[in-house]
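Next up, model-v3.txt (compact mmCIF, C-alpha atoms):
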```
# COMPACT_ATOMS: atom_id res chain seq x y z
CA MET A 1 18.63 -4.73 15.97
CA ILE A 2 17.56 -6.66 12.92
CA THR A 3 21.06 -6.73 11.43
CA LEU A 4 24.17 -7.40 13.45
CA ASP A 5 26.41 -5.11 11.39
CA THR A 6 28.07 -2.77 13.89
CA VAL A 7 29.88 -0.55 11.37
CA GLU A 8 27.14 0.63 9.00
CA PRO A 9 24.60 3.10 10.44
CA ARG A 10 21.12 1.74 11.02
CA ALA A 11 17.72 3.26 10.45
CA LYS A 12 15.34 3.09 13.39
CA MET A 13 11.95 1.97 12.10
CA ALA A 14 8.56 2.89 13.64
CA CYS A 15 8.43 -0.36 15.64
CA GLY A 16 11.70 0.56 17.36
CA HIS A 17 13.88 -2.00 15.60
CA ALA A 18 16.94 -0.92 13.65
CA ILE A 19 18.16 -2.12 10.25
CA THR A 20 20.91 -1.04 7.90
CA PRO A 21 19.79 0.71 4.71
CA ARG A 22 21.33 -2.05 2.58
CA ALA A 23 19.66 -4.85 4.58
CA LEU A 24 16.34 -2.98 4.37
CA TYR A 25 16.74 -2.75 0.59
CA ASP A 26 17.53 -6.47 0.27
CA TYR A 27 14.71 -7.53 2.60
CA CYS A 28 12.10 -5.36 0.87
CA TRP A 29 12.98 -6.60 -2.61
CA CYS A 30 12.92 -10.20 -1.39
CA GLU A 31 9.43 -9.62 0.06
CA LEU A 32 8.23 -7.98 -3.17
CA GLU A 33 9.52 -10.89 -5.26
CA LYS A 34 7.55 -13.27 -3.01
CA GLY A 35 4.42 -11.25 -3.83
CA SER A 36 4.06 -9.51 -0.47
CA SER A 37 1.86 -6.45 -0.41
CA LYS A 38 2.93 -5.34 3.06
CA ILE A 39 6.47 -5.05 4.33
CA THR A 40 6.59 -6.06 7.98
CA CYS A 41 9.40 -6.01 10.53
CA PRO A 42 11.29 -9.31 10.40
CA TYR A 43 12.83 -8.98 13.87
CA VAL A 44 12.67 -12.36 15.60
CA THR A 45 11.20 -11.78 19.05
CA ASN A 46 11.76 -15.17 20.67
CA PHE A 47 13.27 -18.62 20.27
CA LYS A 48 10.08 -19.91 18.65
CA GLY A 49 10.82 -17.76 15.60
CA GLU A 50 7.93 -15.33 16.04
CA THR A 51 8.56 -11.98 14.42
CA CYS A 52 7.69 -8.42 15.37
CA GLY A 53 5.39 -8.18 12.33
CA TYR A 54 4.85 -4.42 12.58
CA LYS A 55 3.78 -3.06 9.18
CA TRP A 56 6.33 -0.56 7.93
CA ASN A 57 4.87 2.23 5.81
CA ARG A 58 6.22 2.76 2.32
CA GLN A 59 7.40 6.30 3.04
CA ALA A 60 9.61 5.17 5.91
CA ILE A 61 11.04 2.41 3.74
CA THR A 62 11.82 4.66 0.79
CA LEU A 63 13.43 7.22 3.10
CA SER A 64 15.53 4.66 4.97
CA ALA A 65 16.47 2.03 2.38
CA ALA A 66 19.50 2.40 0.13
CA MET A 67 17.47 2.98 -3.06
CA SER A 68 17.98 5.25 -6.03
CA LYS A 69 15.13 7.47 -7.19
CA THR A 70 14.33 5.00 -9.98
CA GLU A 71 14.39 2.06 -7.56
CA LYS A 72 12.00 3.91 -5.25
CA MET A 73 9.52 4.36 -8.09
CA ILE A 74 9.84 0.70 -9.10
CA PHE A 75 9.43 -0.33 -5.45
CA GLN A 76 6.21 1.72 -5.11
CA THR A 77 4.79 0.30 -8.34
CA LYS A 78 5.64 -3.31 -7.45
CA LEU A 79 4.15 -2.89 -3.96
CA ASP A 80 0.93 -1.48 -5.48
CA LYS A 81 0.69 -4.30 -8.01
CA ASN A 82 1.23 -6.93 -5.30
CA ARG A 83 -1.44 -5.30 -3.12
CA ILE A 84 -4.00 -5.22 -5.93
CA LYS A 85 -3.22 -8.81 -6.88
CA GLN A 86 -3.68 -9.87 -3.25
CA GLN A 87 -6.94 -7.91 -2.96
CA GLU A 88 -8.28 -9.62 -6.07
CA THR A 89 -7.33 -13.02 -4.63
CA GLU A 90 -8.90 -12.27 -1.23
CA SER A 91 -12.15 -11.06 -2.75
CA LYS A 92 -12.77 -13.84 -5.27
CA ASN A 93 -16.31 -14.30 -3.99
CA VAL A 94 -17.20 -10.62 -4.17
CA TYR A 95 -18.56 -9.57 -7.55
CA PRO A 96 -19.49 -5.90 -7.94
CA ASP A 97 -22.36 -5.54 -10.39
CA ASP A 98 -21.65 -4.53 -14.00
CA ILE A 99 -22.90 -0.97 -13.53
CA MET A 100 -20.45 -0.28 -10.73
CA ILE A 101 -17.56 -1.84 -12.67
CA SER A 102 -18.43 0.36 -15.65
CA LEU A 103 -18.25 3.42 -13.38
CA LEU A 104 -14.66 2.51 -12.54
CA HIS A 105 -13.82 1.79 -16.18
CA HIS A 106 -15.05 5.21 -17.28
CA SER A 107 -13.40 7.16 -14.48
CA PRO A 108 -10.52 9.39 -15.58
CA LYS A 109 -7.11 7.75 -15.21
CA LEU A 110 -5.48 10.57 -13.24
CA TYR A 111 -6.51 11.91 -9.87
CA VAL A 112 -5.76 15.57 -9.26
CA HIS A 113 -6.89 16.65 -5.79
CA GLY A 114 -9.33 19.54 -5.88
CA GLN A 115 -10.32 19.22 -9.53
CA THR A 116 -13.74 17.99 -10.51
CA ASN A 117 -12.44 15.95 -13.44
CA GLY A 118 -10.37 13.66 -11.18
CA LEU A 119 -10.83 10.00 -10.32
CA ARG A 120 -14.15 9.77 -8.50
CA HIS A 121 -14.78 6.05 -7.85
CA ARG A 122 -12.66 3.33 -6.29
CA ALA A 123 -13.37 -0.10 -4.91
CA CYS A 124 -12.70 -0.67 -1.23
CA PRO A 125 -9.37 -2.55 -1.04
CA LYS A 126 -10.87 -5.01 1.45
CA CYS A 127 -14.39 -5.85 0.21
CA TRP A 128 -14.54 -4.22 -3.25
CA SER A 129 -17.60 -2.10 -2.45
CA ILE A 130 -17.65 1.02 -4.62
CA ILE A 131 -16.67 4.27 -2.91
CA GLU A 132 -17.21 7.72 -4.40
CA HIS A 133 -14.89 10.58 -3.49
CA ALA A 134 -16.89 13.81 -3.57
CA ASP A 135 -14.35 16.23 -2.08
CA GLY A 136 -12.26 16.84 1.01
CA CYS A 137 -9.54 14.66 2.41
CA LEU A 138 -8.31 11.35 1.01
CA SER A 139 -9.37 9.29 4.05
CA MET A 140 -12.17 6.89 3.13
CA THR A 141 -14.08 4.52 5.37
CA CYS A 142 -16.01 1.74 3.66
CA GLN A 143 -19.68 1.92 4.58
CA TYR A 144 -20.40 -1.74 3.80
CA PRO A 145 -21.83 -3.07 7.11
CA SER A 146 -19.32 -5.86 7.76
CA CYS A 147 -16.28 -3.98 6.42
CA GLY A 148 -15.54 -0.49 7.78
CA PHE A 149 -12.00 -0.51 6.33
CA ARG A 150 -10.30 2.92 6.43
CA PHE A 151 -8.02 3.63 3.48
CA CYS A 152 -6.47 6.35 1.35
CA PHE A 153 -8.46 7.07 -1.81
CA ARG A 154 -5.29 7.85 -3.78
CA CYS A 155 -2.87 5.04 -2.87
CA LEU A 156 -5.47 2.53 -1.52
CA ASP A 157 -3.23 1.76 1.46
CA GLU A 158 -4.64 1.43 4.96
CA TYR A 159 -5.07 4.83 6.59
CA GLY A 160 -3.12 4.89 9.79
CA PRO A 161 -0.90 7.04 11.98
CA GLY A 162 2.51 8.09 10.75
CA VAL A 163 1.73 8.19 7.03
CA ASP A 164 1.37 11.47 5.16
CA HIS A 165 -1.16 10.62 2.45
CA ARG A 166 -0.86 14.10 0.93
CA LYS A 167 2.41 12.85 -0.58
CA CYS A 168 1.44 9.30 -1.52
CA LEU A 169 1.47 8.05 -5.09
CA GLN A 170 -1.68 7.06 -6.92
CA ALA A 171 -2.23 3.32 -7.00
CA PRO A 172 -2.93 1.72 -10.36
CA LEU A 173 -6.54 1.18 -11.36
CA GLN A 174 -8.05 -1.85 -9.71
CA PHE A 175 -9.42 -3.91 -12.56
CA ALA A 176 -7.27 -5.67 -15.16
CA SER A 177 -9.40 -4.43 -18.04
CA ASP A 178 -8.55 -0.82 -17.11
```

Is it possible to give me this structure as C-alpha cells?
Amino acid sequence: MITLDTVEPRAKMACGHAITPRALYDYCWCELEKGSSKITCPYVTNFKGETCGYKWNRQAITLSAAMSKTEKMIFQTKLDKNRIKQQETESKNVYPDDIMISLLHHSPKLYVHGQTNGLRHRACPKCWSIIEHADGCLSMTCQYPSCGFRFCFRCLDEYGPGVDHRKCLQAPLQFASD
C-alpha cells in the first residue's frame, strides 16, 4: 500500500501497489506542479528510500483518481505541457532544419484519424527528428539511428502495453511559435 488509510477504498495500480483516489489526486497534482512529465509510483521499497518508480499511464490515473471531468482535462493538458517542456530542455542541442520546422508550422492543428487533411508531421519526443504519419495505426518508431523511440503520434506519449491510444487526447503542438 502507498497510503495507510484502512477505511477508504484503494485503487490497485499496474505496478501492484494500492493508493486511495484522494491520495492519488494529491500526489499527481504535486508532481505536475513540480514540472513532472511522468507520474511514477511513489511506493518506498526499502529503508534507503528507493521507490518503485513504475510509470503510471494517464488513463489509469484519470480512471482511479478522485477528479472531476474538468480536473481530468486540466490534468491531461498540464501533463502534456510538462512533457513538451521537458522534451525541449532535453533536446537543446538538437536543431531541426528550418524546412522541417516549417512543415510542422504549416500542418493542420487538428488530427482526425483516417482523414487526409489531418496532422501529418510530428517531431520525435526523444530526439526531435521529423516523423510523417501516412496512414494506419498511431504507433510510431523513430528511424533516427541512435534513437528508435516508440511513441503515439497523437498524444506523443511512449507506446507501451496497457495503454489504449485509440482513446488518447492529442498533445499540443511541439513548437512555441505554433

How big is the axis-aligned box around all listed atoms of segment 73-79 of chain A once 5 Å goes on each side, and where's its centre, in Å to one decimal, as lines of an AutoDock Vina configuration file?
```
center_x = 7.0
center_y = 0.5
center_z = -6.5
size_x = 15.7
size_y = 17.7
size_z = 15.1
```

(request) Mind giving me the straight-line distance from atom CA of Leu156 of chain A to atom CA of His17 of chain A in Å, one decimal? (result)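 Separating atom CA of Leu156 of chain A from atom CA of His17 of chain A is a distance of 26.2 Å.
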
(message) Which residue is closest to Ala23 of chain A? Choose from A:Asn46, A:Ser37, A:Tyr54, A:Ile61 and count all atoms listed in the file.
(response)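 For Ala23 of chain A, the nearest of the given residues is A:Ile61.
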
(message) Can you pull out the residues contacting segment 161-170 of chain A? Cut-off 9 Å, using only C-alpha atoms, and skip same-chain residues under 5 positions away; I want them as a VMD selection string.
(response) chain A and resid 14 57 to 60 76 110 to 111 137 to 139 152 to 156

Using only C-alpha atoms, please write the residues we just selected to a file, as a CSV table (one decimal), keeping the file's coordinate frame.
```csv
chain,number,residue,atom,x,y,z
A,14,ALA,CA,8.6,2.9,13.6
A,57,ASN,CA,4.9,2.2,5.8
A,58,ARG,CA,6.2,2.8,2.3
A,59,GLN,CA,7.4,6.3,3.0
A,60,ALA,CA,9.6,5.2,5.9
A,76,GLN,CA,6.2,1.7,-5.1
A,110,LEU,CA,-5.5,10.6,-13.2
A,111,TYR,CA,-6.5,11.9,-9.9
A,137,CYS,CA,-9.5,14.7,2.4
A,138,LEU,CA,-8.3,11.4,1.0
A,139,SER,CA,-9.4,9.3,4.0
A,152,CYS,CA,-6.5,6.4,1.4
A,153,PHE,CA,-8.5,7.1,-1.8
A,154,ARG,CA,-5.3,7.8,-3.8
A,155,CYS,CA,-2.9,5.0,-2.9
A,156,LEU,CA,-5.5,2.5,-1.5
```

(request) Tell me which of A:Met140, A:Ala171, A:Ala11, A:Cys147 sits closest to Asn82 of chain A, counting all atoms listed in the file. (result)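 Ranking A:Met140, A:Ala171, A:Ala11, A:Cys147 by distance to Asn82 of chain A, first place goes to A:Ala171.
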
(request) Pick out the closest residue to Ile39 of chain A from this set: A:Gly53, A:Pro125, A:Pro9, A:Gly16. Count only C-alpha atoms. (result)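 Residue with the minimum atom-to-atom distance to Ile39 of chain A: A:Gly53.
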
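Considering only C-alpha atoms, the residue among A:Lys48, A:Lys85, A:Arg22, A:Lys55 positioned nearest to Met67 of chain A is A:Arg22.
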